[in-house]
file coords08.tsv (TSV, C-alpha atoms)
chain	number	residue	atom	x	y	z
A	269	MET	CA	-3.44	-221.48	23.53
A	270	THR	CA	-2.40	-222.94	26.87
A	271	ARG	CA	0.27	-222.18	29.39
A	272	GLN	CA	1.61	-224.49	32.09
A	273	THR	CA	0.75	-223.48	35.64
A	274	THR	CA	3.48	-223.53	38.27
A	275	ARG	CA	1.30	-224.93	41.03
A	276	PRO	CA	-1.96	-226.86	41.26
A	277	ALA	CA	-5.07	-224.71	41.60
A	278	ALA	CA	-8.19	-225.38	43.64
A	279	PRO	CA	-11.14	-226.69	41.61
A	280	ALA	CA	-13.38	-223.89	40.36
A	281	ALA	CA	-16.38	-225.25	42.27
A	282	ASP	CA	-14.50	-225.08	45.58
A	283	VAL	CA	-13.33	-221.53	44.97
A	284	LEU	CA	-16.78	-220.38	43.88
A	285	ASP	CA	-18.31	-221.99	46.96
A	286	GLY	CA	-15.81	-220.15	49.15
A	287	HIS	CA	-16.64	-216.90	47.42
A	288	GLY	CA	-20.32	-217.40	48.17
A	289	ARG	CA	-19.73	-218.38	51.81
A	290	LEU	CA	-17.10	-215.79	52.68
A	291	LEU	CA	-17.51	-212.85	50.31
A	292	SER	CA	-20.78	-212.46	48.39
A	293	LYS	CA	-23.46	-214.98	47.52
A	294	ALA	CA	-24.86	-212.67	44.84
A	295	MET	CA	-21.49	-212.20	43.14
A	296	ALA	CA	-20.78	-215.93	43.31
A	297	ARG	CA	-24.13	-216.62	41.60
A	298	MET	CA	-23.33	-214.16	38.85
A	299	LEU	CA	-19.83	-215.58	38.27
A	300	GLY	CA	-21.24	-219.08	38.24
A	301	SER	CA	-23.92	-218.13	35.72
A	302	ILE	CA	-21.34	-217.09	33.11
A	303	GLY	CA	-19.05	-220.03	33.81
A	304	ALA	CA	-16.17	-217.89	35.08
A	305	PRO	CA	-12.96	-219.91	35.60
A	306	VAL	CA	-10.48	-219.38	38.44
A	307	GLU	CA	-7.92	-216.70	37.62
A	308	GLN	CA	-4.32	-217.80	38.14
A	309	SER	CA	-1.92	-215.29	36.58
A	310	SER	CA	-1.71	-212.52	34.01
A	311	SER	CA	0.83	-210.94	31.70
A	312	GLY	CA	0.60	-208.48	28.85
A	313	CYS	CA	-2.75	-208.80	27.10
A	314	HIS	CA	-3.54	-212.22	28.54
A	315	VAL	CA	-4.95	-213.81	31.69
A	316	VAL	CA	-4.37	-217.48	32.56
A	317	ASP	CA	-6.83	-219.66	34.49
A	318	GLN	CA	-6.19	-222.49	36.95
A	319	ALA	CA	-6.13	-225.05	34.13
A	320	GLY	CA	-3.46	-223.13	32.21
A	321	VAL	CA	-5.89	-221.82	29.59
A	322	GLU	CA	-5.10	-218.36	28.24
A	323	TYR	CA	-7.70	-215.58	27.81
A	324	LEU	CA	-7.55	-212.29	25.93
A	325	SER	CA	-8.02	-209.37	28.31
A	326	CYS	CA	-10.58	-206.86	27.01
A	327	GLY	CA	-12.26	-206.09	30.35
A	328	GLY	CA	-11.10	-205.05	33.79
A	329	TYR	CA	-13.15	-201.82	34.02
A	330	GLY	CA	-10.64	-199.90	31.92
A	331	VAL	CA	-7.64	-200.48	34.19
A	332	PHE	CA	-5.30	-202.36	31.85
A	333	LEU	CA	-4.32	-199.94	29.07
A	334	LEU	CA	-0.69	-201.00	29.75
A	335	GLY	CA	-1.72	-204.64	29.88
A	336	HIS	CA	-1.15	-206.84	32.91
A	337	CYS	CA	2.09	-206.86	34.91
A	338	HIS	CA	3.97	-204.46	32.65
A	339	PRO	CA	7.60	-205.23	33.56
A	340	ARG	CA	8.63	-201.59	34.01
A	341	VAL	CA	5.79	-200.92	36.42
A	342	VAL	CA	6.31	-204.20	38.27
A	343	ASP	CA	10.03	-203.55	38.62
A	344	ALA	CA	9.41	-200.03	39.91
A	345	VAL	CA	6.91	-201.20	42.53
A	346	VAL	CA	8.97	-204.22	43.62
A	347	GLY	CA	12.09	-202.08	43.91
A	348	GLN	CA	10.22	-199.56	46.04
A	349	VAL	CA	8.69	-202.28	48.24
A	350	ARG	CA	12.16	-203.63	48.96
A	351	THR	CA	13.44	-200.26	50.14
A	352	ARG	CA	10.53	-198.22	51.53
A	353	PRO	CA	6.98	-199.36	50.70
A	354	LEU	CA	5.26	-197.06	53.21
A	355	GLY	CA	6.31	-193.70	54.59
A	356	SER	CA	6.56	-192.44	58.16
A	357	ARG	CA	4.24	-189.50	57.38
A	358	LEU	CA	6.46	-187.24	59.47
A	359	LEU	CA	9.57	-187.05	57.30
A	360	VAL	CA	9.33	-185.47	53.86
A	361	ASP	CA	8.55	-188.04	51.17
A	362	PRO	CA	10.53	-187.49	47.94
A	363	ASP	CA	8.76	-190.22	45.96
A	364	ILE	CA	5.29	-188.71	46.17
A	365	VAL	CA	6.68	-185.30	45.19
A	366	ARG	CA	8.18	-186.82	42.05
A	367	ALA	CA	4.90	-188.60	41.26
A	368	ALA	CA	2.99	-185.33	41.67
A	369	GLU	CA	5.43	-183.55	39.35
A	370	ALA	CA	4.96	-186.24	36.70
A	371	LEU	CA	1.15	-186.15	36.85
A	372	ILE	CA	0.80	-182.37	36.97
A	373	GLY	CA	3.25	-182.19	34.07
A	374	ILE	CA	0.67	-183.81	31.75
A	375	ALA	CA	-2.48	-182.36	33.34
A	376	PRO	CA	-4.80	-179.84	31.63
A	377	PRO	CA	-3.81	-176.18	32.09
A	378	GLY	CA	-4.32	-174.61	35.52
A	379	LEU	CA	-4.24	-177.79	37.59
A	380	ALA	CA	-1.38	-177.23	39.99
A	381	HIS	CA	-1.99	-179.42	43.05
A	382	VAL	CA	-2.69	-183.12	43.54
A	383	THR	CA	-4.03	-185.25	46.38
A	384	PHE	CA	-3.27	-188.94	45.91
A	385	THR	CA	-5.75	-191.57	47.06
A	386	ASN	CA	-6.10	-195.34	47.23
A	387	SER	CA	-8.92	-195.56	44.66
A	388	GLY	CA	-10.99	-193.66	42.16
A	389	ALA	CA	-13.97	-193.44	44.51
A	390	GLU	CA	-11.75	-191.87	47.15
A	391	ALA	CA	-10.59	-189.32	44.57
A	392	VAL	CA	-14.25	-188.42	44.02
A	393	GLU	CA	-14.60	-187.87	47.78
A	394	ILE	CA	-11.63	-185.45	47.67
A	395	GLY	CA	-13.21	-183.56	44.79
A	396	LEU	CA	-16.50	-183.19	46.67
A	397	LYS	CA	-14.71	-182.11	49.86
A	398	LEU	CA	-12.73	-179.46	48.01
A	399	ALA	CA	-15.91	-178.17	46.38
A	400	ARG	CA	-17.67	-177.89	49.74
A	401	ALA	CA	-14.64	-176.23	51.32
A	402	THR	CA	-15.02	-173.41	48.77
A	403	GLY	CA	-18.59	-172.83	50.02
A	404	ARG	CA	-20.38	-174.71	47.24
A	405	HIS	CA	-22.77	-177.11	48.94
A	406	ARG	CA	-24.91	-177.83	45.88
A	407	ILE	CA	-23.70	-180.61	43.61
A	408	ILE	CA	-25.17	-181.09	40.15
A	409	ALA	CA	-24.42	-184.55	38.78
A	410	MET	CA	-25.56	-186.39	35.67
A	411	GLU	CA	-28.24	-189.01	35.30
A	412	ASN	CA	-26.63	-192.34	34.43
A	413	GLY	CA	-23.23	-191.10	35.58
A	414	PHE	CA	-21.00	-193.33	37.68
A	415	HIS	CA	-18.48	-192.08	40.24
A	416	GLY	CA	-18.15	-194.93	42.74
A	417	LYS	CA	-19.94	-196.49	45.67
A	418	THR	CA	-18.53	-194.84	48.80
A	419	MET	CA	-21.13	-192.60	50.42
A	420	GLY	CA	-20.13	-189.31	48.80
A	421	ALA	CA	-19.33	-190.86	45.42
A	422	LEU	CA	-22.56	-192.82	45.56
A	423	SER	CA	-24.49	-189.61	46.21
A	424	VAL	CA	-23.43	-188.26	42.81
A	425	THR	CA	-23.72	-191.58	40.97
A	426	GLY	CA	-26.80	-191.41	38.76
A	427	ASN	CA	-28.32	-194.80	39.50
A	428	GLU	CA	-31.11	-195.07	42.05
A	429	ARG	CA	-30.64	-198.85	42.25
A	430	TYR	CA	-27.32	-198.37	44.05
A	431	ARG	CA	-28.38	-195.36	46.15
A	432	LYS	CA	-31.78	-196.46	47.45
A	433	PRO	CA	-30.69	-199.23	49.88
A	434	PHE	CA	-28.59	-196.75	51.88
A	435	GLY	CA	-31.23	-194.12	52.60
A	436	ALA	CA	-30.29	-190.46	52.79
A	437	LEU	CA	-26.88	-189.71	51.33
A	438	LEU	CA	-25.22	-186.31	50.85
A	439	PRO	CA	-27.73	-183.45	50.89
A	440	GLY	CA	-27.81	-180.85	48.14
A	441	VAL	CA	-27.23	-183.27	45.25
A	442	GLU	CA	-29.40	-183.13	42.15
A	443	HIS	CA	-29.16	-185.03	38.88
A	444	VAL	CA	-29.81	-183.63	35.40
A	445	ARG	CA	-29.81	-185.28	31.98
A	446	PHE	CA	-26.39	-185.92	30.48
A	447	ASP	CA	-25.70	-184.14	27.19
A	448	ASP	CA	-28.50	-181.62	27.91
A	449	ILE	CA	-27.14	-178.10	28.34
A	450	ALA	CA	-30.60	-176.61	28.81
A	451	ALA	CA	-31.26	-178.90	31.78
A	452	LEU	CA	-27.89	-178.01	33.30
A	453	ASP	CA	-28.43	-174.29	32.74
A	454	SER	CA	-31.82	-174.47	34.44
A	455	ALA	CA	-30.34	-176.24	37.47
A	456	LEU	CA	-27.46	-173.78	37.73
A	457	ALA	CA	-29.82	-170.81	37.58
A	458	THR	CA	-31.67	-171.87	40.74
A	459	GLY	CA	-30.29	-172.14	44.25
A	460	GLY	CA	-26.92	-171.18	45.66
A	461	PRO	CA	-23.34	-171.68	44.49
A	462	ALA	CA	-22.89	-175.06	42.83
A	463	THR	CA	-20.41	-177.63	41.60
A	464	VAL	CA	-20.96	-179.70	38.47
A	465	ILE	CA	-19.46	-183.19	38.17
A	466	VAL	CA	-19.40	-184.86	34.76
A	467	GLU	CA	-17.60	-187.57	32.76
A	468	PRO	CA	-16.36	-186.80	29.23
A	469	VAL	CA	-17.85	-190.15	28.22
A	470	GLN	CA	-20.16	-192.12	30.51
A	471	ALA	CA	-18.25	-195.39	30.64
A	472	GLU	CA	-20.27	-197.37	33.18
A	473	GLY	CA	-23.31	-195.62	31.75
A	474	GLY	CA	-22.87	-197.70	28.61
A	475	VAL	CA	-20.25	-195.71	26.66
A	476	ARG	CA	-22.50	-192.68	26.26
A	477	ILE	CA	-20.67	-190.12	24.12
A	478	PRO	CA	-22.08	-186.60	24.22
A	479	ARG	CA	-22.53	-184.43	21.18
A	480	ALA	CA	-19.57	-182.35	20.03
A	481	GLY	CA	-19.27	-179.16	22.06
A	482	TYR	CA	-21.11	-180.46	25.12
A	483	LEU	CA	-18.21	-180.42	27.55
A	484	ALA	CA	-17.09	-176.98	26.37
A	485	ALA	CA	-20.64	-175.74	26.89
A	486	VAL	CA	-20.65	-177.21	30.42
A	487	ARG	CA	-17.46	-175.26	31.16
A	488	GLU	CA	-18.99	-172.07	29.76
A	489	ARG	CA	-22.19	-172.44	31.80
A	490	CYS	CA	-20.21	-173.14	34.97
A	491	ASP	CA	-18.20	-169.96	34.39
A	492	ALA	CA	-21.36	-167.96	33.72
A	493	HIS	CA	-22.96	-169.11	37.00
A	494	GLY	CA	-19.83	-169.09	39.16
A	495	ALA	CA	-19.88	-172.88	39.52
A	496	LEU	CA	-16.93	-175.22	39.87
A	497	LEU	CA	-16.40	-177.96	37.31
A	498	ILE	CA	-15.22	-181.43	38.33
A	499	VAL	CA	-14.33	-183.68	35.39
A	500	ASP	CA	-14.20	-187.36	36.33
A	501	GLU	CA	-11.48	-188.92	34.16
A	502	ILE	CA	-10.99	-191.99	36.34
A	503	GLN	CA	-11.96	-194.31	33.50
A	504	THR	CA	-11.51	-192.03	30.49
A	505	GLY	CA	-8.14	-190.40	31.19
A	506	LEU	CA	-4.52	-191.26	30.42
A	507	GLY	CA	-5.13	-192.51	26.90
A	508	ARG	CA	-8.21	-194.73	27.08
A	509	LEU	CA	-10.11	-192.49	24.63
A	510	GLY	CA	-7.15	-191.90	22.31
A	511	ARG	CA	-6.24	-188.59	23.97
A	512	GLU	CA	-4.37	-187.99	27.21
A	513	TRP	CA	-7.61	-186.70	28.75
A	514	GLY	CA	-11.19	-186.84	27.58
A	515	CYS	CA	-11.64	-183.14	28.29
A	516	SER	CA	-8.77	-182.30	25.93
A	517	PHE	CA	-10.97	-183.15	22.91
A	518	GLU	CA	-12.63	-179.78	23.53
A	519	ASP	CA	-9.73	-177.99	25.26
A	520	VAL	CA	-11.64	-177.89	28.54
A	521	ALA	CA	-9.68	-177.14	31.70
A	522	PRO	CA	-11.65	-178.22	34.80
A	523	ASP	CA	-11.30	-176.81	38.30
A	524	ILE	CA	-10.86	-180.35	39.62
A	525	LEU	CA	-9.85	-183.42	37.62
A	526	LEU	CA	-10.16	-186.96	38.96
A	527	SER	CA	-7.84	-189.77	37.87
A	528	GLY	CA	-7.34	-193.44	38.69
A	529	LYS	CA	-7.46	-196.92	37.10
A	530	ILE	CA	-4.73	-196.59	34.43
A	531	LEU	CA	-2.76	-194.32	36.79
A	532	GLY	CA	-1.47	-197.38	38.69
A	533	GLY	CA	-0.25	-199.03	35.50
A	534	GLY	CA	-2.42	-202.11	35.99
A	535	VAL	CA	-0.20	-203.07	38.92
A	536	TYR	CA	-1.06	-200.93	41.95
A	537	PRO	CA	-4.38	-199.38	43.05
A	538	VAL	CA	-4.22	-195.59	43.15
A	539	GLY	CA	-6.32	-192.51	42.46
A	540	ALA	CA	-5.77	-188.77	42.37
A	541	ALA	CA	-7.67	-185.49	42.58
A	542	LEU	CA	-5.99	-182.57	40.83
A	543	ALA	CA	-7.10	-179.01	41.52
A	544	THR	CA	-6.33	-175.42	40.66
A	545	SER	CA	-4.53	-173.30	43.23
A	546	ARG	CA	-7.73	-171.39	43.98
A	547	VAL	CA	-9.75	-174.50	44.69
A	548	HIS	CA	-6.95	-176.21	46.60
A	549	ARG	CA	-6.51	-173.25	48.98
A	550	PRO	CA	-8.45	-174.80	51.92
A	551	PHE	CA	-6.05	-177.77	51.94
A	552	ASP	CA	-3.10	-175.35	51.86
A	553	ARG	CA	-4.30	-173.51	54.96
A	554	VAL	CA	-4.70	-176.47	57.33
A	555	PRO	CA	-2.22	-179.39	57.12
A	556	PHE	CA	-4.58	-182.00	58.61
A	557	LEU	CA	-7.82	-180.95	56.90
A	558	HIS	CA	-7.51	-184.07	54.79
A	559	THR	CA	-5.09	-186.91	55.48
A	560	SER	CA	-4.79	-190.58	54.54
A	561	THR	CA	-2.54	-193.21	56.10
A	562	PHE	CA	-1.97	-195.02	52.83
A	563	GLY	CA	-2.95	-192.47	50.17
A	564	GLY	CA	0.08	-191.50	48.12
A	565	ASN	CA	2.40	-194.09	49.65
A	566	PRO	CA	5.87	-194.63	48.14
A	567	ALA	CA	4.92	-197.88	46.37
A	568	ALA	CA	1.95	-196.14	44.74
A	569	ALA	CA	4.21	-193.26	43.76
A	570	ALA	CA	6.58	-195.69	42.05
A	571	ALA	CA	3.67	-197.20	40.09
A	572	ILE	CA	2.45	-193.77	39.01
A	573	ARG	CA	5.81	-192.60	37.74
A	574	ALA	CA	6.49	-195.85	35.90
A	575	ALA	CA	3.00	-195.95	34.36
A	576	LEU	CA	3.22	-192.38	33.07
A	577	ALA	CA	6.68	-193.08	31.64
A	578	VAL	CA	5.44	-196.21	29.84
A	579	ILE	CA	2.43	-194.34	28.41
A	580	ALA	CA	4.79	-191.70	27.00
A	581	ASP	CA	7.66	-193.92	25.88
A	582	GLU	CA	5.49	-196.56	24.20
A	583	HIS	CA	3.14	-193.97	22.63
A	584	LEU	CA	0.11	-195.65	24.15
A	585	VAL	CA	-2.19	-192.66	23.64
A	586	THR	CA	-1.57	-192.75	19.89
A	587	ARG	CA	-1.81	-196.54	19.84
A	588	SER	CA	-5.14	-196.35	21.64
A	589	ALA	CA	-6.49	-193.95	19.04
A	590	GLU	CA	-5.24	-196.06	16.15
A	591	LEU	CA	-6.44	-199.38	17.57
A	592	GLY	CA	-9.81	-197.89	18.39
A	593	ALA	CA	-10.19	-196.57	14.85
A	594	LEU	CA	-9.32	-200.03	13.53
A	595	LEU	CA	-11.60	-201.99	15.88
A	596	LEU	CA	-14.78	-199.92	16.10
A	597	PRO	CA	-16.04	-200.33	12.51
A	598	GLN	CA	-15.17	-204.03	12.48
A	599	VAL	CA	-16.88	-204.67	15.81
A	600	ARG	CA	-19.94	-202.85	14.50
A	601	GLU	CA	-19.99	-204.84	11.24
A	602	LEU	CA	-19.53	-208.22	12.92
A	603	VAL	CA	-22.18	-207.92	15.61
A	604	PHE	CA	-24.78	-206.44	13.29
A	605	ALA	CA	-24.11	-209.23	10.81
A	606	GLY	CA	-24.26	-211.94	13.48
A	607	CYS	CA	-27.29	-210.87	15.51
A	608	PRO	CA	-28.90	-207.80	13.91
A	609	GLN	CA	-32.19	-208.33	15.76
A	610	LEU	CA	-30.40	-208.09	19.13
A	611	VAL	CA	-28.11	-205.07	18.62
A	612	ARG	CA	-29.28	-201.50	19.04
A	613	GLU	CA	-26.00	-199.62	18.58
A	614	VAL	CA	-22.20	-199.97	18.71
A	615	ARG	CA	-20.34	-196.86	19.85
A	616	GLY	CA	-16.90	-196.03	21.10
A	617	ARG	CA	-13.97	-193.68	21.37
A	618	GLY	CA	-10.42	-194.95	21.44
A	619	LEU	CA	-10.29	-198.25	23.31
A	620	LEU	CA	-13.61	-197.78	25.09
A	621	ILE	CA	-16.21	-199.59	22.98
A	622	GLY	CA	-19.78	-200.39	23.96
A	623	ILE	CA	-22.17	-202.82	22.27
A	624	GLU	CA	-25.77	-202.00	23.22
A	625	PHE	CA	-28.17	-204.93	22.97
A	626	VAL	CA	-31.94	-205.05	23.05
A	627	GLY	CA	-32.60	-205.98	26.67
A	628	ALA	CA	-30.21	-207.04	29.43
A	629	GLY	CA	-30.29	-210.76	28.73
A	630	ALA	CA	-28.54	-210.51	25.37
A	631	ALA	CA	-25.57	-208.62	26.82
A	632	LEU	CA	-25.09	-211.27	29.51
A	633	ASN	CA	-25.39	-214.03	26.91
A	634	MET	CA	-22.80	-212.28	24.75
A	635	MET	CA	-20.46	-212.00	27.72
A	636	ARG	CA	-20.88	-215.72	28.37
A	637	GLU	CA	-20.23	-216.62	24.73
A	638	MET	CA	-17.16	-214.38	24.59
A	639	LEU	CA	-15.81	-216.05	27.71
A	640	ARG	CA	-16.35	-219.46	26.10
A	641	ARG	CA	-14.08	-218.18	23.33
A	642	ARG	CA	-11.55	-217.04	25.93
A	643	VAL	CA	-12.13	-213.28	25.70
A	644	ILE	CA	-12.73	-211.30	28.91
A	645	THR	CA	-15.18	-208.41	28.54
A	646	SER	CA	-16.91	-206.01	30.95
A	647	TYR	CA	-20.53	-205.38	31.76
A	648	SER	CA	-21.68	-201.80	32.42
A	649	LEU	CA	-22.74	-201.06	35.98
A	650	ASN	CA	-25.32	-198.45	34.93
A	651	ALA	CA	-26.42	-200.11	31.70
A	652	ASP	CA	-27.22	-203.83	31.89
A	653	GLN	CA	-27.82	-203.98	28.15
A	654	VAL	CA	-24.31	-202.75	27.21
A	655	LEU	CA	-21.27	-205.01	26.89
A	656	ARG	CA	-17.95	-203.14	26.91
A	657	LEU	CA	-14.56	-203.80	25.38
A	658	THR	CA	-11.63	-202.05	27.08
A	659	PRO	CA	-8.54	-203.82	25.72
A	660	PRO	CA	-4.91	-202.84	26.32
A	661	ALA	CA	-3.21	-200.56	23.83
A	662	LEU	CA	-0.65	-203.36	23.35
A	663	LEU	CA	-2.85	-205.74	21.33
A	664	SER	CA	-0.87	-207.58	18.68
A	665	ALA	CA	-2.22	-208.38	15.23
A	666	SER	CA	-2.98	-211.93	16.41
A	667	ASP	CA	-4.79	-210.53	19.46
A	668	VAL	CA	-6.95	-208.37	17.20
A	669	ASP	CA	-7.76	-211.42	15.06
A	670	TRP	CA	-8.60	-213.39	18.21
A	671	LEU	CA	-10.96	-210.67	19.43
A	672	LEU	CA	-12.72	-210.23	16.10
A	673	SER	CA	-13.08	-213.97	15.51
A	674	ALA	CA	-14.57	-214.39	18.98
A	675	LEU	CA	-17.00	-211.52	18.38
A	676	GLN	CA	-18.12	-212.98	15.08
A	677	ALA	CA	-18.71	-216.46	16.49
A	678	ALA	CA	-20.36	-215.21	19.69
A	679	ALA	CA	-22.70	-212.88	17.77
A	680	LEU	CA	-23.73	-215.69	15.46
A	681	GLU	CA	-24.35	-217.99	18.42
A	682	ILE	CA	-26.63	-215.60	20.34
A	683	GLY	CA	-28.29	-214.65	17.07
A	684	ARG	CA	-29.24	-218.28	16.44
A	685	ALA	CA	-30.37	-218.79	20.04
call {"tool": "encode", "arguments": {"input": "coords08.tsv", "output": "structure tokens"}}
result
Amino acid sequence: MTRQTTRPAAPAADVLDGHGRLLSKAMARMLGSIGAPVEQSSSGCHVVDQAGVEYLSCGGYGVFLLGHCHPRVVDAVVGQVRTRPLGSRLLVDPDIVRAAEALIGIAPPGLAHVTFTNSGAEAVEIGLKLARATGRHRIIAMENGFHGKTMGALSVTGNERYRKPFGALLPGVEHVRFDDIAALDSALATGGPATVIVEPVQAEGGVRIPRAGYLAAVRERCDAHGALLIVDEIQTGLGRLGREWGCSFEDVAPDILLSGKILGGGVYPVGAALATSRVHRPFDRVPFLHTSTFGGNPAAAAAIRAALAVIADEHLVTRSAELGALLLPQVRELVFAGCPQLVREVRGRGLLIGIEFVGAGAALNMMREMLRRRVITSYSLNADQVLRLTPPALLSASDVDWLLSALQAAALEIGRA
């Protein structure tokens, strides 16, 4: 499959060299090691490189549930940019009010206020600030959890490799084992008032799915100890797992819910922190306690409203559940058949699928082989040995065949090697 480009592209070597000189030598080395081409354009479930070669999009850190450049989201953002892309911040902004109404309208029960941000990590910062403003200065996070790399978000991210270079981060943060209620209960029972932050599924942790009842038990233990519960749905929410929210599998209503990635429709970067009225009270008292020049701008609001409308109108939550149920057993069968000695486990929920290999090298080799077969995948920031598939909910039958054929051939190749 090829597509004509509309303009000549710089040679990959020149672009990669520029990346190393001007951005990051380490990232340029990594991209070079997997033979990454130069990205040119994207549409639907496909990405096109500088040579006009088309790739199937099954990566992107979970952003592209609606695919790339969904026309309804693009049209909404472009229309808004032509009239009022940014607000004055003094006059009342109708667009952000409408976006808030749309998001709160599908939120778990009790969440009544929203603060829009420019990214998921910034949404985590809002959640931590709100928790501290209620007098809870202890934060209990999960080992292997991932919440971002700004200073506050990094403090609660459960990976010492990312935290250690920056020295002391937020005080009062402790990490306990994920999917271990006894460990959480022990931590909650000691010290002062606390906040617990948890993901329904640890996505960057390697698609770690807790046992049934875990999240409900976390909610119960938080209530018993007077702790707040922050559920980070930045990567798991808005249909990725085959439900609108990961916490809805167990009917859990958090005190604070964090959203992002899919929220911008794959077109515009945006995040959000939703809170109950009780938790949001400090922000209600003082108008400038938290502000952001660009957070919740009109263009972002247009993307949010359009993305939520597309998710509803095109039944993407249901499609995610159905596609995930179709793909997971076939992915499992193909990789175990192709390289059984290299695969530890295949697990997933909805369109978040993780293939855990024996050692980190096999996952990187699989990523390279998938790319050679024109399928874009994702590595896992907290689990080097896990390759992830996060495709759009718009995959066609031919796209599914493409993905499965690539998996079969790539598994056989690394199995032989």
call {"tool": "residues_around", "arguments": {"input": "coords08.tsv", "residues": "A:Gly328", "least_positions_apart": "5", "cutoff": "9 Å", "atoms": "all atoms listed in the file", "output": "ChimeraX atom specification"}}
result
/A:644-646,658-659
call {"tool": "residues_around", "arguments": {"input": "coords08.tsv", "residues": "A:Arg684", "least_positions_apart": "3", "cutoff": "9 Å", "atoms": "only C-alpha atoms", "output": "VMD selection string"}}
result
chain A and resid 606 to 607 679 to 681
call {"tool": "closest_residue", "arguments": {"input": "coords08.tsv", "among": "A:Leu591, A:Val346, A:Pro376, A:His443", "to": "A:Val499", "atoms": "all atoms listed in the file"}}
result
A:Pro376
call {"tool": "atom_distance", "arguments": {"input": "coords08.tsv", "atom1": "atom CA of A:Leu456", "atom2": "atom CA of A:Ile407"}}
result
9.8 Å
call {"tool": "residues_around", "arguments": {"input": "coords08.tsv", "residues": "A:Thr418", "least_positions_apart": "2", "cutoff": "10 Å", "atoms": "all atoms listed in the file", "output": "PyMOL selection string"}}
result
chain A and resi 389-390+392-393+415-416+420-423+425
call {"tool": "closest_residue", "arguments": {"input": "coords08.tsv", "among": "A:Phe517, A:Phe414, A:Ala462, A:Leu531", "to": "A:Glu428", "atoms": "all atoms listed in the file"}}
result
A:Phe414
call {"tool": "residues_near_point", "arguments": {"input": "coords08.tsv", "point": "(9.6, -199.9, 49.1)", "cutoff": "12 Å", "atoms": "all atoms listed in the file", "output": "ChimeraX atom specification"}}
result
/A:343-355,363,565-571
call {"tool": "write_last_selection", "arguments": {"input": "coords08.tsv", "atoms": "C-alpha atoms", "output": "PDB file, in the coordinates of the input"}}
result
ATOM      1  CA  ASP A 343      10.030-203.550  38.620  1.00  0.00           C
ATOM      2  CA  ALA A 344       9.410-200.030  39.910  1.00  0.00           C
ATOM      3  CA  VAL A 345       6.910-201.200  42.530  1.00  0.00           C
ATOM      4  CA  VAL A 346       8.970-204.220  43.620  1.00  0.00           C
ATOM      5  CA  GLY A 347      12.090-202.080  43.910  1.00  0.00           C
ATOM      6  CA  GLN A 348      10.220-199.560  46.040  1.00  0.00           C
ATOM      7  CA  VAL A 349       8.690-202.280  48.240  1.00  0.00           C
ATOM      8  CA  ARG A 350      12.160-203.630  48.960  1.00  0.00           C
ATOM      9  CA  THR A 351      13.440-200.260  50.140  1.00  0.00           C
ATOM     10  CA  ARG A 352      10.530-198.220  51.530  1.00  0.00           C
ATOM     11  CA  PRO A 353       6.980-199.360  50.700  1.00  0.00           C
ATOM     12  CA  LEU A 354       5.260-197.060  53.210  1.00  0.00           C
ATOM     13  CA  GLY A 355       6.310-193.700  54.590  1.00  0.00           C
ATOM     14  CA  ASP A 363       8.760-190.220  45.960  1.00  0.00           C
ATOM     15  CA  ASN A 565       2.400-194.090  49.650  1.00  0.00           C
ATOM     16  CA  PRO A 566       5.870-194.630  48.140  1.00  0.00           C
ATOM     17  CA  ALA A 567       4.920-197.880  46.370  1.00  0.00           C
ATOM     18  CA  ALA A 568       1.950-196.140  44.740  1.00  0.00           C
ATOM     19  CA  ALA A 569       4.210-193.260  43.760  1.00  0.00           C
ATOM     20  CA  ALA A 570       6.580-195.690  42.050  1.00  0.00           C
ATOM     21  CA  ALA A 571       3.670-197.200  40.090  1.00  0.00           C
TER      22      ALA A 571
END
call {"tool": "residues_around", "arguments": {"input": "coords08.tsv", "residues": "A:Ser545", "least_positions_apart": "3", "cutoff": "8 Å", "atoms": "all atoms listed in the file", "output": "PDB file with C-alpha atoms, in the frame of the given file"}}
result
ATOM      1  CA  GLY A 378      -4.320-174.610  35.520  1.00  0.00           C
ATOM      2  CA  LEU A 379      -4.240-177.790  37.590  1.00  0.00           C
ATOM      3  CA  ALA A 380      -1.380-177.230  39.990  1.00  0.00           C
ATOM      4  CA  HIS A 381      -1.990-179.420  43.050  1.00  0.00           C
ATOM      5  CA  HIS A 548      -6.950-176.210  46.600  1.00  0.00           C
ATOM      6  CA  ARG A 549      -6.510-173.250  48.980  1.00  0.00           C
TER       7      ARG A 549
END
call {"tool": "atom_distance", "arguments": {"input": "coords08.tsv", "atom1": "atom CA of A:Glu613", "atom2": "atom CA of A:Gly327"}}
result
19.2 Å
call {"tool": "atom_distance", "arguments": {"input": "coords08.tsv", "atom1": "atom CA of A:Pro522", "atom2": "atom CA of A:Pro468"}}
result
11.3 Å
call {"tool": "build_atoms", "arguments": {"input": "coords08.tsv", "residues": "stretch 504-508 of chain A", "atoms": "N, CA and C atoms", "output": "compact mmCIF listing (two decimals), in the frame of the given file"}}
result
# COMPACT_ATOMS: atom_id res chain seq x y z
N THR A 504 -11.71 -192.54 31.84
CA THR A 504 -11.51 -192.03 30.49
C THR A 504 -10.14 -191.42 30.27
N GLY A 505 -9.40 -191.11 31.33
CA GLY A 505 -8.14 -190.40 31.19
C GLY A 505 -6.94 -191.28 30.89
N LEU A 506 -5.82 -190.62 30.61
CA LEU A 506 -4.52 -191.26 30.42
C LEU A 506 -4.47 -192.18 29.20
N GLY A 507 -5.27 -191.84 28.18
CA GLY A 507 -5.13 -192.51 26.90
C GLY A 507 -6.26 -193.44 26.50
N ARG A 508 -7.16 -193.77 27.41
CA ARG A 508 -8.21 -194.73 27.08
C ARG A 508 -9.03 -194.29 25.87
